[in-house]
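So this one's target-v2.cif, mmCIF, C-alpha atoms:
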data_work
#
loop_
_atom_site.group_PDB
_atom_site.id
_atom_site.type_symbol
_atom_site.label_atom_id
_atom_site.label_comp_id
_atom_site.auth_asym_id
_atom_site.auth_seq_id
_atom_site.Cartn_x
_atom_site.Cartn_y
_atom_site.Cartn_z
ATOM 1 C CA MET A 1 2.397 10.120 -10.552
ATOM 2 C CA ARG A 2 1.868 9.080 -6.919
ATOM 3 C CA GLU A 3 3.069 5.583 -7.828
ATOM 4 C CA ASP A 4 6.328 7.090 -9.117
ATOM 5 C CA TYR A 5 6.617 8.994 -5.866
ATOM 6 C CA ALA A 6 6.161 5.796 -3.848
ATOM 7 C CA GLU A 7 8.834 4.090 -5.930
ATOM 8 C CA ALA A 8 11.239 6.982 -5.262
ATOM 9 C CA ILE A 9 10.590 6.678 -1.516
ATOM 10 C CA ILE A 10 11.132 2.905 -1.680
ATOM 11 C CA ALA A 11 14.390 3.311 -3.593
ATOM 12 C CA THR A 12 15.654 5.855 -1.057
ATOM 13 C CA ILE A 13 14.757 3.639 1.889
ATOM 14 C CA LYS A 14 16.470 0.608 0.337
ATOM 15 C CA ARG A 15 19.580 2.655 -0.486
ATOM 16 C CA LEU A 16 19.803 3.987 3.077
ATOM 17 C CA MET A 17 19.270 0.499 4.527
ATOM 18 C CA LEU A 18 22.419 -0.712 2.760
ATOM 19 C CA THR A 19 24.650 1.407 4.982
ATOM 20 C CA ASN A 20 22.541 2.174 8.063
ATOM 21 C CA LYS A 21 21.098 -0.131 10.699
ATOM 22 C CA ASP A 22 18.256 2.178 11.689
ATOM 23 C CA ILE A 23 16.771 4.912 9.555
ATOM 24 C CA CYS A 24 13.906 7.321 10.008
ATOM 25 C CA VAL A 25 12.082 8.664 6.976
ATOM 26 C CA THR A 26 9.532 11.419 7.371
ATOM 27 C CA GLN A 27 6.910 11.848 4.732
ATOM 28 C CA ALA A 28 3.241 12.703 4.699
ATOM 29 C CA LEU A 29 1.403 9.779 3.105
ATOM 30 C CA PHE A 30 -2.262 10.598 2.690
ATOM 31 C CA ARG A 31 -3.431 7.452 0.923
ATOM 32 C CA ASN A 32 -3.443 3.869 2.147
ATOM 33 C CA LYS A 33 -2.477 2.656 -1.329
ATOM 34 C CA LEU A 34 0.940 4.339 -1.006
ATOM 35 C CA ARG A 35 1.422 3.117 2.555
ATOM 36 C CA GLU A 36 0.591 -0.437 1.474
ATOM 37 C CA ARG A 37 2.944 -0.270 -1.527
ATOM 38 C CA ILE A 38 5.855 0.870 0.638
ATOM 39 C CA LEU A 39 5.084 -1.783 3.265
ATOM 40 C CA GLU A 40 5.007 -4.436 0.550
ATOM 41 C CA ALA A 41 8.437 -3.359 -0.699
ATOM 42 C CA VAL A 42 9.949 -2.798 2.762
ATOM 43 C CA PRO A 43 8.275 -5.263 5.175
ATOM 44 C CA SER A 44 10.411 -4.096 8.123
ATOM 45 C CA ILE A 45 8.986 -0.564 7.957
ATOM 46 C CA GLU A 46 7.304 0.774 11.071
ATOM 47 C CA TYR A 47 4.778 3.533 10.459
ATOM 48 C CA VAL A 48 4.206 6.356 12.902
ATOM 49 C CA TRP A 49 1.102 8.453 12.279
ATOM 50 C CA VAL A 50 1.751 11.946 13.612
ATOM 51 C CA ASP A 51 -1.660 13.417 14.346
ATOM 52 C CA ALA A 52 -2.807 16.747 15.736
ATOM 53 C CA PRO A 53 -6.122 18.545 16.050
ATOM 54 C CA ASP A 54 -7.055 20.361 12.827
ATOM 55 C CA ASP A 55 -7.231 23.748 14.527
ATOM 56 C CA LEU A 56 -3.707 23.286 15.899
ATOM 57 C CA ILE A 57 -2.336 22.255 12.500
ATOM 58 C CA LEU A 58 -3.871 25.331 10.892
ATOM 59 C CA SER A 59 -2.614 27.597 13.680
ATOM 60 C CA ARG A 60 0.923 26.239 13.281
ATOM 61 C CA LEU A 61 0.816 26.803 9.531
ATOM 62 C CA GLU A 62 -0.401 30.367 9.996
ATOM 63 C CA ASN A 63 2.598 31.004 12.255
ATOM 64 C CA ARG A 64 5.093 29.862 9.595
ATOM 65 C CA PRO A 65 5.479 32.829 7.274
ATOM 66 C CA GLY A 66 6.398 31.813 3.747
ATOM 67 C CA HIS A 67 5.733 28.118 4.394
ATOM 68 C CA ILE A 68 4.911 26.143 1.250
ATOM 69 C CA ALA A 69 1.630 24.853 2.696
ATOM 70 C CA SER A 70 -0.978 27.555 3.153
ATOM 71 C CA LYS A 71 -3.959 27.220 5.475
ATOM 72 C CA ASN A 72 -6.273 26.724 2.480
ATOM 73 C CA TYR A 73 -4.011 24.073 0.996
ATOM 74 C CA ALA A 74 -3.823 22.231 4.330
ATOM 75 C CA GLU A 75 -7.599 22.262 4.706
ATOM 76 C CA MET A 76 -8.009 20.870 1.183
ATOM 77 C CA VAL A 77 -5.383 18.146 1.576
ATOM 78 C CA ASN A 78 -6.508 17.095 5.042
ATOM 79 C CA ARG A 79 -9.998 16.382 3.697
ATOM 80 C CA THR A 80 -8.455 13.658 1.486
ATOM 81 C CA PHE A 81 -6.432 12.063 4.302
ATOM 82 C CA GLU A 82 -7.204 8.364 4.805
ATOM 83 C CA ILE A 83 -6.916 6.951 8.323
ATOM 84 C CA PRO A 84 -4.051 4.429 8.146
ATOM 85 C CA THR A 85 -5.082 0.806 7.692
ATOM 86 C CA VAL A 86 -1.509 -0.495 7.810
ATOM 87 C CA PRO A 87 0.012 -1.355 11.195
ATOM 88 C CA HIS A 88 1.123 1.873 12.850
ATOM 89 C CA VAL A 89 1.701 3.746 16.080
ATOM 90 C CA ARG A 90 -0.323 6.923 16.539
ATOM 91 C CA PHE A 91 1.642 9.864 17.844
ATOM 92 C CA GLU A 92 -0.386 12.827 19.118
ATOM 93 C CA ASN A 93 1.446 16.079 18.432
ATOM 94 C CA GLY A 94 -0.889 18.253 20.444
ATOM 95 C CA ARG A 95 -0.572 20.960 23.037
ATOM 96 C CA ASP A 96 0.951 18.929 25.897
ATOM 97 C CA PRO A 97 4.788 18.921 25.841
ATOM 98 C CA MET A 98 4.985 16.216 28.542
ATOM 99 C CA LYS A 99 2.783 13.868 26.533
ATOM 100 C CA PHE A 100 4.895 14.655 23.474
ATOM 101 C CA ALA A 101 8.060 13.687 25.389
ATOM 102 C CA GLU A 102 6.493 10.471 26.714
ATOM 103 C CA GLN A 103 5.462 9.428 23.216
ATOM 104 C CA MET A 104 8.917 10.206 21.827
ATOM 105 C CA GLU A 105 10.479 8.032 24.499
ATOM 106 C CA ALA A 106 7.991 5.206 23.954
ATOM 107 C CA ILE A 107 8.391 5.237 20.163
ATOM 108 C CA PHE A 108 12.084 6.019 19.817
ATOM 109 C CA GLY A 109 13.470 4.949 23.174
ATOM 110 C CA ARG A 110 15.111 8.257 23.995
ATOM 111 C CA LYS A 111 14.584 10.186 27.189
ATOM 112 C CA ARG A 112 14.658 13.982 26.930
ATOM 113 C CA GLU A 113 15.323 16.218 29.893
ATOM 114 C CA ASN A 114 13.394 19.179 28.500
ATOM 115 C CA PRO A 115 10.209 18.295 26.558
ATOM 116 C CA SER A 116 10.172 21.741 24.955
ATOM 117 C CA ASP A 117 13.293 20.681 23.012
ATOM 118 C CA LEU A 118 11.080 18.283 21.060
ATOM 119 C CA ARG A 119 8.757 20.818 19.475
#

Target encoding structure tokens, full file:
Amino acid sequence: MREDYAEAIIATIKRLMLTNKDICVTQALFRNKLRERILEAVPSIEYVWVDAPDDLILSRLENRPGHIASKNYAEMVNRTFEIPTVPHVRFENGRDPMKFAEQMEAIFGRKRENPSDLR
């Protein structure tokens, strides 16, 4: 099933690349096998690992009423997360809005006047 999911992501990326110079796809990939499969199919892909402290992730989820991912689900899924082995940039989505803004600029080349706009 996960292989089918990877193939759907690959197909979407390739379709978007036909008409767009730069694209950004957001998707939680917990397993290196999926990351490697997508990289194999789309060698120009650049991975960004968005990381945050576990307590902050759980706190954010608790503050999203009706969100599909419950705190219990997040705890269960995060235990299966594999640290990326493919080339990637690590983005820390923590508690510091200035650091967040600096990372956004470094990764995406855009300067923001108000870092709180990036949350």

Please evaluate the PyMOL selection byres ((chain A and resi 42) around 12) against the structure above and give the resulting residues as an MDAnalysis selection string. chainID A and resid 6:7 9:17 35:41 43:47

Applied to this file, what does the PyMOL selection byres ((chain A and resi 108) around 12) return in terms of residues, put as a list in words? Asp22, Ile23, Cys24, Glu46, Val48, Val89, Phe91, Phe100, Ala101, Glu102, Gln103, Met104, Glu105, Ala106, Ile107, Gly109, Arg110, Lys111 and Arg112 of chain A

For the selection you just gave me, I'd like the residues written to a file as an mmCIF file, in the frame of the given file, keeping C-alpha atoms.
data_model
loop_
_atom_site.group_PDB
_atom_site.id
_atom_site.type_symbol
_atom_site.label_atom_id
_atom_site.label_comp_id
_atom_site.auth_asym_id
_atom_site.auth_seq_id
_atom_site.Cartn_x
_atom_site.Cartn_y
_atom_site.Cartn_z
ATOM 1 C CA ASP A 22 18.256 2.178 11.689
ATOM 2 C CA ILE A 23 16.771 4.912 9.555
ATOM 3 C CA CYS A 24 13.906 7.321 10.008
ATOM 4 C CA GLU A 46 7.304 0.774 11.071
ATOM 5 C CA VAL A 48 4.206 6.356 12.902
ATOM 6 C CA VAL A 89 1.701 3.746 16.080
ATOM 7 C CA PHE A 91 1.642 9.864 17.844
ATOM 8 C CA PHE A 100 4.895 14.655 23.474
ATOM 9 C CA ALA A 101 8.060 13.687 25.389
ATOM 10 C CA GLU A 102 6.493 10.471 26.714
ATOM 11 C CA GLN A 103 5.462 9.428 23.216
ATOM 12 C CA MET A 104 8.917 10.206 21.827
ATOM 13 C CA GLU A 105 10.479 8.032 24.499
ATOM 14 C CA ALA A 106 7.991 5.206 23.954
ATOM 15 C CA ILE A 107 8.391 5.237 20.163
ATOM 16 C CA GLY A 109 13.470 4.949 23.174
ATOM 17 C CA ARG A 110 15.111 8.257 23.995
ATOM 18 C CA LYS A 111 14.584 10.186 27.189
ATOM 19 C CA ARG A 112 14.658 13.982 26.930
#

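Across A:Arg2, A:His88, A:Lys71, A:Arg60, the tightest approach to A:Lys33 is made by A:Arg2 when counting all atoms listed in the file.
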
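Our summary of the geometry notes that atom CA of A:Trp49 is positioned 11.2 Å from atom CA of A:Glu82.
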
So how many Å separate atom CA of A:Arg31 and atom CA of A:Pro84, to one decimal?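 Straight-line distance from atom CA of A:Arg31 to atom CA of A:Pro84 works out to 7.9 Å.
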
Distance atom CA of A:Lys99-atom CA of A:Phe81, one decimal place?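 Distance reported for this atom pair: 24.1 Å.
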
Looking at all atoms listed in the file, which of A:Gly94, A:Asn32, A:His67, A:Asn20 is the one that sits closest to A:Asp55?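 For A:Asp55, the nearest of the given residues is A:Gly94.
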
Of the residues A:Val86, A:Leu58, A:Thr26, A:Lys21, which is the one nearest to A:Tyr73, using all atoms listed in the file?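 Smallest separation from A:Tyr73 among the options: A:Leu58.
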
Centre and size of axis-aligned box enclosing stretch 84-87 of chain A plus 4 Å each side, as AutoDock Vina command-line options:
--center_x -2.5 --center_y 1.5 --center_z 9.4 --size_x 13.1 --size_y 13.8 --size_z 11.5

Can you work out which one of A:Gln27, A:Thr85, A:Asn93, A:Asn72 has the shortest atom-to-atom distance to A:Tyr5, counting all atoms listed in the file? A:Gln27

Ranking A:Ile83, A:Ala74, A:Leu34, A:Ala8 by minimum distance to A:Val50 and counting all atoms listed in the file, which one comes first?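 Smallest distance to A:Val50 is found for A:Ile83.
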
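In terms of minimum interatomic distance to A:Arg79, A:Phe30 ranks closest within A:Phe30, A:Pro53, A:Glu3, A:Pro97, counting all atoms listed in the file.
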